[in-house]
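Asker: After the structure tokens below, expect a handful of questions from me.
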Amino acid sequence: MTARHHPSDETLMAHAAGTLPAGPRLVLAIHLDGCRRCRDAVGRYEAVGGALLETAEPVTMAAGSFEALMARIDAEAGASEPTSPAPRGTVSGRPLRSVADAAPTAPTTPDGIPLPARLLRHRVGRWRRLGPALSWSRIAVAGAPDANVVLLRIPASGAAPRHGHTGREFTQVLAGGFSDGRDAYVAGDFDEVDEYVDHQPVVDADGECICIAAVEGRLRIHGIGRLLQPFIGL
Ligand SMILES: [Zn+2]
């Protein structure tokens, strides 16, 4: 599966610099898991960032501040997304201590639709309906209660409500495909829009579409969907 739509250089750079918020970071990590091209780009940006650090003027640090910095780097490395899922039957590569530690190794929606391994650490809510054509499920992002990440599921030929945005929206297509008047997107593709984009995704006729989206700000839903907005909290 080769993606045709990739994150912007700005977004990949922000990821390399560690400045992407938790929601977009999770959606981007799912894209990176399946996209060699973007992984390589992030690697290049990280190398550039490292080189800049090495050539920076040395600064005099107060006693103990180096240890504090290293402790912080260790803590943040421990809190960041793992680069690959832990081997089956283990947690972080270590054997399970007891049955109580055992967690499912393949994340799914409550009704059993397989999801990317990257979502294993996060709680996936039940499907809720928004109108006849759209189901959505909130993902509780571990360690980031304010992150606004949802799964969106629309049947073949169904349409999402027409909407604009008050902030950025990052979407990774997990299954199926859609078009929104700007272009066509299929599984593996990444789409990012900002407050200047107003669109209505319409799903391809040959099957349902499931996406994961991180929404910053709020959606501006037009038409009848607007009445439902208070109930979905997006
Ligand atoms: Zn990519």
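Ordering of the structure tokens sets the chain letters (A, B, ...); residue numbers start at 1 within each chain; ligands are numbered from 1 in the order shown.
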Taking only C-alpha atoms and all ligand atoms and a cut-off of 12 Å, can you tell me which residues surround ligand 1, written as number ranges by chain?

Answerer: A: 1-9, 11-12, 27-42, 172-173, 187-191

Asker: Of the candidates A:Asp146, A:Tyr185, A:Asp180, A:Pro107, which shows the shortest atom-to-atom distance to Val197 in chain A, using only C-alpha atoms?

Answerer: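 Comparing A:Asp146, A:Tyr185, A:Asp180, A:Pro107 against Val197 in chain A, the winner is A:Asp180.
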
Asker: Looking at only C-alpha atoms, which of A:Gly23, A:Pro155, A:Pro110, A:Gly176 is the one that sits closest to Gly217 in chain A?

Answerer: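 Residue with the minimum atom-to-atom distance to Gly217 in chain A: A:Gly23.
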
Asker: I'd like the interatomic distance between CA of Glu208 in chain A and CA of Ala147 in chain A, to a tenth of an Å.

Answerer: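 Between these atoms lies a distance of 25.7 Å.
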
Asker: Set the distance at 7 Å and use only C-alpha atoms: which residues neighbour Ile210 in chain A once local chain neighbours fewer than 4 positions away are removed? I'd like the list as a ChimeraX atom specification.

Answerer: /A:151-154,173-176

Asker: Can those selected residues be exported to a file as a short mmCIF file (atom, residue, chain, number, x, y, z; two decimals), in the first residue's frame so that it contains C-alpha atoms?

Answerer:
data_model
loop_
_atom_site.label_atom_id
_atom_site.label_comp_id
_atom_site.auth_asym_id
_atom_site.auth_seq_id
_atom_site.Cartn_x
_atom_site.Cartn_y
_atom_site.Cartn_z
CA LEU A 151 -12.58 7.30 14.55
CA LEU A 152 -15.01 8.13 11.75
CA ARG A 153 -16.91 5.47 9.84
CA ILE A 154 -19.10 6.15 6.81
CA VAL A 173 -7.44 6.84 6.15
CA LEU A 174 -7.49 3.35 7.71
CA ALA A 175 -9.86 1.58 5.28
CA GLY A 176 -11.78 2.45 2.13
#
